[in-house]
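Read through the structure below, which is laid out as structure tokens, and then see the notes.
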Amino acid sequence: MPIHEKSLIRRENLVTHERLTLEGVDVSGDWSTFIQPRVITDYNEMMEQEIAALAGGEAIHRCWQCGSCTNACTINAINPEFNPRYWIYLIRLGMESELLRDKDIIWQCVSCNKCTYACPRDVNPEGVMKATAHWLELKGHTAQSPSMAFDEEFSSQVFATGKIEEGRVLRGFFARTGQKLQQDWLMALLRGLLMRLPVAYLMRLGLAGLIRPRTRGWGRARAALDDYVKDRRAADRRALHLDPSETHQ
Amino acid sequence: MSAPYQKVAYYPGCALEGTGHAYDRSTRAVGKALGLELVDLEHWNCCGAMEVKNVDPKLQTYLSARNLSIAKDMGFETVMAPCNGCYHNLKKAEYDLAHDPASVEVNRRLTAKAGHTEYQPGEVTTIHALDWIKQAIGEEGLKARIRNSLAGLKVANYYGCMYTRPRHIFPEKDKGPNSESTLKPHFMDDLLTAAGAECVEYPLKTACCGGAHSLSDADTSTRLVLNLLTTAEACGAEVIATECPTCHTGLEMHQVRAEKVLGQKTRVKILYFTQLLGMALGLSARKVGVQENFSDPSDLLRARRLG
């Protein structure tokens with residue numbers, strides 16, 4: 001029988017014999033193609049519940065696998081391996097080992113929300129992607145992604161002062177991820193800007209780098225946010241059956 | 001025409017004080033030229049952009065609700081945010097606090113600890129700079145004030161993600177004629193057409209520039225931006241008009257990066273829609289902050305006798 005949607009089957013699970021004769025019938029090449037049978041026993045039945053407990057994952061149970069999310073997805077259009085519909089399916093079935101094959105690309109969701117716009121069941125697939133990436137990090141399946149390093153750097157500055165200063169975020173992010181600041185293209189961009197910019201603007205930018213912009217009267221808000229973040233982190237770890245006293249950074 | 005948004009609270013946000021300063025400058029200049037009044041929100045804080053929600057979405061809701069409560073304390077019912085990220089987050093807070101009891105609970109707890117007024121759903125409504133000009137002045141009003149028509153200038157209007165998605169948080173959109181469409185937005189097209197520009201049919205007006213991962217996944221962003229740029233050129237556009245500092249900076253940054261890293265050069269210029277409007281209203285290029293853009297559009301502006 002011909003195999004439709006061959007592209008959906010992992011190549012290593014497809015078997016074809018170049019030369020094969022069965023009971024006198026030549027079935028060489030495509031005529032002998034079949035899918036390797038497999039037995040799955042290592043279901044992680046907690047996986048859906050755990051991801052649903054993290055922010056963004058709450059509505060994963062509503063999914064009825066229509067595929068609108070993957071169809072609309074920005075990243076799927078440039079990398080067919082990036083497949084939110086499939087990952088939601090795996091999570092709901094508890095097929096952890098299958099999900100882990102894609103663990104290093106799930107964080108690449110750009111939060112364009114095309115999936116959330118298209119979803120007929122209000123699953124909030126964008127949130128599910130974030131919860132899944134978070135779950136992978138908390139469980140130790142992946143190191144902290146560059147995206148999460150950026151988010152943490154950015155957020156810590158907001159919590160500290162109420163505002164961000166882009167130069168500081170940039171420097172902090174490159175430091176966290178061990179990259180050099182002098183990227184060729186970044187330097188080309190800055191050189192172009194420096195050639196044209198009026199002095200007053202440069203001084204203003206420089207000043208913002210020295211004197212951190214901050215929100216007046218932010219102290220109490222900062223304390224409230226710090227408390228909340230600490231509570232949330234402990235709650236997330238409890239939901240994932242991890243020791244709540246440890247931090248995950 | 002009546003002017004519902006004659007005087008509104010203004011929330012610039014962090015980007016407009018940094019890399020997006022040209023947008024701040026041109027927005028204020030256009031408001032002044034149109035006789036509209038902006039009053040800065042006092043002691044505002046960052047809305048959380050696209051980052052804080054990945055630590056916890058309810059923190060983003062609180063951060064935006066604090067800004068809304070400031071507008072309320074100042075006696076405003078409307079706050080205008082030109083940045084798509086700020087606009088989106090404030091709208092999201094309005095929506096979540098009207099529909100999600102868990103968000104209300106967290107906001108109440110954090111507000112009490114931080115010791116300021118609590119924002120109640122419906123007290124303040126957030127609008128975008130596009131809503132502001134479209135509703136307060138309108139196309140006819142704008143036409144009457146054009147002193148330097150953009151006639152012949154081919155523009156692709158780029159709205160990005162956060163202005164229309166997810167659709168749930170924009171209750172005023174998709175309400176038929178005169179309302180904005182989340183599927184095919186047109187307010188920027190309407191305004192720039194009124195200013196004389198020739199707006200090309202641009203199928204990627206709500207596609208994503210990868211702004212959330214501009215630095216953390218730069219190769220993906222470069223591919224997405226390059227697609228936006230080459231498509232705009234294929235549609236015949238000389239300029240991409242933007243309405244978001246993240247998109248704008250992303251387009252400029254990755255235009256350079258695409259040339260440096262992939263060897264792909266594109267010529268299309270990138271300007272904030274407020275810069276184009278400002279020049280059409282007779283303001284100089286300097287007044288609308290063109291010199292602060294990363295990309296240099298001066299050749300085009302000279303050729304078109306703008307600014």
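If you're wondering about the labels, chains in the structure tokens are A, B, ... by order shown, residues count from 1 in each chain, ligands from 1 in order shown.
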(Q) So that I can check the secondary structure, give me every residue of region 13-98 of chain B assigned strand (DSSP E or B) by backbone DSSP, as a VMD selection string. (A) chain B and resid 37 to 40 78 to 81
Report the closest atom pair, with its distance in Å rounded to one decimal, for each residue of chain B that has an atom no farther than 7 Å from chain A; count only C-alpha atoms, sort by chain and then rising residue number, and write it as a Markdown table.
| residue | atom | partner | partner_atom | distance |
| --- | --- | --- | --- | --- |
| B:Cys14 | CA | A:Ile164 | CA | 6.3 |
| B:Gly18 | CA | A:Glu166 | CA | 6.7 |
| B:His43 | CA | A:Thr215 | CA | 5.4 |
| B:Trp44 | CA | A:Thr215 | CA | 6.4 |
| B:Asn45 | CA | A:Gly162 | CA | 4.9 |
| B:Cys46 | CA | A:Lys163 | CA | 4.8 |
| B:Glu51 | CA | A:Asp151 | CA | 4.5 |
| B:Val52 | CA | A:Ser155 | CA | 5.3 |
| B:Asn54 | CA | A:Asp151 | CA | 6.8 |
| B:Asp56 | CA | A:Ala55 | CA | 6.4 |
| B:Pro57 | CA | A:Ala55 | CA | 6.9 |
| B:Leu110 | CA | A:Ala224 | CA | 5.7 |
| B:Lys113 | CA | A:Ala224 | CA | 5.7 |
| B:Ala114 | CA | A:Ala221 | CA | 4.2 |
| B:Cys161 | CA | A:Cys112 | CA | 5.5 |
| B:Arg165 | CA | A:Asn113 | CA | 5.9 |
| B:Pro166 | CA | A:Tyr117 | CA | 5.0 |
| B:Arg167 | CA | A:Tyr117 | CA | 6.1 |
| B:Cys208 | CA | A:Cys112 | CA | 6.0 |
| B:Gly210 | CA | A:Val110 | CA | 5.7 |
| B:Ala212 | CA | A:Val110 | CA | 5.6 |
| B:His213 | CA | A:Val110 | CA | 6.4 |
| B:Ser216 | CA | A:Pro146 | CA | 5.1 |
| B:Met253 | CA | A:Leu189 | CA | 7.0 |
| B:Val256 | CA | A:Trp185 | CA | 6.6 |
| B:Arg257 | CA | A:Trp185 | CA | 5.3 |
| B:Lys260 | CA | A:Trp185 | CA | 6.0 |
| B:Gln291 | CA | A:Leu197 | CA | 6.0 |
| B:Glu292 | CA | A:Leu197 | CA | 6.2 |
| B:Phe294 | CA | A:Leu193 | CA | 5.6 |
Selection from above, N, CA and C atoms, as a compact mmCIF listing (two decimals), in the first residue's frame, can you write it?
# COMPACT_ATOMS: atom_id res chain seq x y z
N CYS B 14 9.43 52.47 27.58
CA CYS B 14 10.90 52.50 27.62
C CYS B 14 11.54 52.66 26.25
N GLY B 18 14.47 55.29 24.37
CA GLY B 18 15.78 54.76 23.96
C GLY B 18 15.88 54.69 22.45
N HIS B 43 5.30 59.16 36.50
CA HIS B 43 5.96 58.02 37.15
C HIS B 43 5.48 56.67 36.63
N TRP B 44 5.40 56.57 35.32
CA TRP B 44 4.99 55.29 34.73
C TRP B 44 6.11 54.26 34.87
N ASN B 45 5.74 52.98 34.68
CA ASN B 45 6.74 51.92 34.70
C ASN B 45 6.68 51.14 33.40
N CYS B 46 7.69 50.32 33.18
CA CYS B 46 7.74 49.46 31.99
C CYS B 46 6.53 48.53 31.98
N GLU B 51 8.93 40.19 27.55
CA GLU B 51 9.83 39.39 28.36
C GLU B 51 9.23 38.97 29.70
N VAL B 52 8.59 39.95 30.40
CA VAL B 52 8.12 39.65 31.76
C VAL B 52 7.05 38.55 31.74
N ASN B 54 7.01 35.94 30.15
CA ASN B 54 7.63 34.61 30.13
C ASN B 54 8.15 34.21 31.50
N ASP B 56 6.25 35.39 34.27
CA ASP B 56 4.89 35.10 34.70
C ASP B 56 3.92 36.12 34.09
N PRO B 57 2.91 35.65 33.35
CA PRO B 57 2.01 36.58 32.65
C PRO B 57 1.27 37.54 33.60
N LEU B 110 -0.91 42.55 44.63
CA LEU B 110 0.29 43.33 44.35
C LEU B 110 0.02 44.83 44.53
N LYS B 113 0.02 45.73 48.21
CA LYS B 113 1.38 45.75 48.76
C LYS B 113 2.17 46.97 48.27
N ALA B 114 1.96 47.32 47.00
CA ALA B 114 2.71 48.44 46.43
C ALA B 114 2.12 49.77 46.87
N CYS B 161 2.68 42.21 14.87
CA CYS B 161 1.86 41.23 15.58
C CYS B 161 0.95 41.83 16.64
N ARG B 165 -3.15 40.98 17.50
CA ARG B 165 -3.25 39.61 18.04
C ARG B 165 -2.87 39.54 19.51
N PRO B 166 -3.49 38.68 20.32
CA PRO B 166 -4.68 37.89 19.94
C PRO B 166 -5.92 38.79 19.86
N ARG B 167 -6.85 38.45 19.00
CA ARG B 167 -7.97 39.34 18.70
C ARG B 167 -8.87 39.59 19.91
N CYS B 208 5.20 38.43 11.25
CA CYS B 208 6.06 38.66 12.42
C CYS B 208 7.49 38.97 12.00
N GLY B 210 9.94 38.71 14.21
CA GLY B 210 10.81 37.98 15.13
C GLY B 210 11.37 38.85 16.23
N ALA B 212 10.68 39.37 19.25
CA ALA B 212 10.86 38.80 20.58
C ALA B 212 12.23 38.14 20.72
N HIS B 213 12.79 37.70 19.59
CA HIS B 213 14.08 37.01 19.62
C HIS B 213 15.11 37.74 18.76
N SER B 216 18.21 37.05 20.81
CA SER B 216 18.43 35.71 21.35
C SER B 216 18.34 34.64 20.27
N MET B 253 17.85 46.84 12.13
CA MET B 253 18.98 46.03 12.57
C MET B 253 19.23 44.87 11.62
N VAL B 256 20.60 45.48 8.10
CA VAL B 256 22.06 45.53 8.10
C VAL B 256 22.64 44.13 8.27
N ARG B 257 22.06 43.35 9.20
CA ARG B 257 22.59 42.02 9.48
C ARG B 257 22.46 41.10 8.26
N LYS B 260 25.29 41.99 6.05
CA LYS B 260 26.61 41.60 6.58
C LYS B 260 26.78 40.09 6.66
N GLN B 291 17.02 61.81 11.66
CA GLN B 291 18.46 61.57 11.90
C GLN B 291 18.69 60.54 13.00
N GLU B 292 17.68 60.24 13.79
CA GLU B 292 17.83 59.25 14.87
C GLU B 292 17.53 57.83 14.40
N PHE B 294 18.19 54.33 12.55
CA PHE B 294 19.43 53.61 12.25
C PHE B 294 19.71 53.64 10.75
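The protein and nucleic acid residues lying at most 9 Å from Trp132 (chain B) are Pro4, Tyr5, Gln6, Val8, Met80, Ile127, His128, Ala129, Gln135, Ala136 and Ile137 of chain B, with only C-alpha atoms considered and sequence neighbours fewer than 3 positions away removed.
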Q.
So, with only C-alpha atoms as the atoms that count, which of A:Arg38, A:His141, A:Arg168, A:Ser245 lies closest to Glu96 (chain A)?
A. A:His141
Q) Skipping near chain neighbours, those fewer than 4 positions away, what residues fall within 12 Å of region 32-34 of chain A using only C-alpha atoms, listed as a PyMOL selection string? A) chain A and resi 1-4+6+9+11-22+25-28
If you run DSSP over the backbone, which residues in region 124-246 of chain B end up helix (DSSP H, G or I)? Put them as a compact mmCIF listing (two decimals) with C-alpha atoms, in the first residue's frame.
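So result-v3.txt came out as:
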# COMPACT_ATOMS: atom_id res chain seq x y z
CA ALA B 129 -1.40 56.35 18.10
CA LEU B 130 -3.25 55.21 14.95
CA ASP B 131 -6.63 55.27 16.76
CA TRP B 132 -5.74 58.64 18.21
CA ILE B 133 -5.11 60.41 14.89
CA LYS B 134 -7.76 58.47 12.98
CA GLN B 135 -10.53 59.24 15.50
CA ALA B 136 -9.49 62.74 16.56
CA GLY B 138 -9.81 61.58 10.54
CA GLU B 139 -8.85 61.38 6.87
CA GLU B 140 -10.78 64.49 5.81
CA GLY B 141 -9.34 66.55 8.64
CA LEU B 142 -5.89 65.34 7.75
CA LYS B 143 -6.28 66.11 4.04
CA ALA B 144 -7.16 69.71 4.90
CA ARG B 145 -3.90 70.08 6.81
CA ARG B 167 -7.97 39.34 18.70
CA HIS B 168 -9.78 38.73 22.02
CA ILE B 169 -8.12 41.66 23.74
CA PHE B 187 -5.82 52.58 9.77
CA MET B 188 -2.24 53.33 8.74
CA ASP B 189 -3.17 52.89 5.07
CA ASP B 190 -6.12 55.27 5.57
CA LEU B 191 -4.00 57.98 7.20
CA LEU B 192 -1.06 57.80 4.80
CA THR B 193 -3.38 57.67 1.79
CA ALA B 194 -5.01 60.85 3.11
CA GLY B 211 11.18 40.94 17.46
CA ALA B 212 10.86 38.80 20.58
CA HIS B 213 14.08 37.01 19.62
CA ALA B 218 19.18 36.50 15.60
CA ASP B 219 19.36 34.15 12.59
CA THR B 220 15.62 33.47 12.72
CA SER B 221 14.88 37.20 13.05
CA THR B 222 17.11 38.00 10.09
CA ARG B 223 15.27 35.48 7.91
CA LEU B 224 11.86 36.81 8.95
CA VAL B 225 12.88 40.44 8.43
CA LEU B 226 14.54 39.73 5.09
CA ASN B 227 11.29 38.19 3.93
CA LEU B 228 9.39 41.34 4.98
CA LEU B 229 11.89 43.58 3.19
CA THR B 230 12.13 41.65 -0.08
CA THR B 231 8.35 41.24 -0.22
CA ALA B 232 7.86 44.98 0.29
CA GLU B 233 10.26 45.61 -2.58
CA ALA B 234 8.48 43.06 -4.75
CA PRO B 245 9.60 50.61 17.90
CA THR B 246 10.44 46.90 18.25
Q | Coordinates-based distance that separates CA of Glu5 (chain A) from CA of Ile35 (chain A) (Å, one decimal) | A |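 Rounded to one decimal, the two atoms are 12.2 Å apart.
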Q) Excluding same-chain residues fewer than 3 positions from Met95 (chain A), what lies within 8 Å of it counting only C-alpha atoms, as a PyMOL selection string? A) chain A and resi 42-44+90-92+98-99
Can you write out the residues you just picked, keeping N, CA and C atoms, as a short mmCIF file (atom, residue, chain, number, x, y, z; two decimals), in the first residue's frame?
data_model
loop_
_atom_site.label_atom_id
_atom_site.label_comp_id
_atom_site.auth_asym_id
_atom_site.auth_seq_id
_atom_site.Cartn_x
_atom_site.Cartn_y
_atom_site.Cartn_z
N ASP A 42 6.94 3.70 27.75
CA ASP A 42 7.40 4.68 28.75
C ASP A 42 6.59 5.97 28.72
N TYR A 43 5.28 5.87 28.88
CA TYR A 43 4.45 7.07 28.95
C TYR A 43 4.73 7.83 30.25
N ASN A 44 4.76 9.17 30.12
CA ASN A 44 4.83 10.00 31.33
C ASN A 44 3.44 10.59 31.54
N LEU A 90 1.68 15.06 21.75
CA LEU A 90 2.63 14.24 22.53
C LEU A 90 2.48 14.48 24.02
N ILE A 91 2.31 15.75 24.40
CA ILE A 91 2.20 16.08 25.82
C ILE A 91 0.94 15.44 26.40
N ARG A 92 -0.15 15.52 25.63
CA ARG A 92 -1.41 14.98 26.15
C ARG A 92 -1.36 13.46 26.26
N GLU A 98 9.45 11.16 22.78
CA GLU A 98 9.23 11.76 21.46
C GLU A 98 9.37 13.28 21.54
N LEU A 99 8.78 13.89 22.59
CA LEU A 99 8.85 15.35 22.76
C LEU A 99 10.30 15.79 22.91
#
Q: Would you please work out which residue, of B:Tyr62, B:Leu153, B:Glu105, B:Tyr163, is nearest to Cys86 (chain B) when using only C-alpha atoms?
A: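 Among B:Tyr62, B:Leu153, B:Glu105, B:Tyr163, it is B:Tyr163 that comes nearest to Cys86 (chain B).
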Q | Atomic distance CA of Cys244 (chain B) - CA of Pro297 (chain B), expressed in Å with one decimal | A |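 Spanning CA of Cys244 (chain B) to CA of Pro297 (chain B) is a straight-line distance of 18.0 Å.
Restricting the calculation to only C-alpha atoms, the smallest distance between Arg176 (chain A) and any of A:Glu45, A:Ser97, A:Ser68, A:Gln144 is found for A:Gln144.
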Q: For CA of Ile88 (chain A) and CA of Lys139 (chain A), quote the distance in Å rounded to one decimal.
A: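 These two atoms are separated by 17.7 Å.
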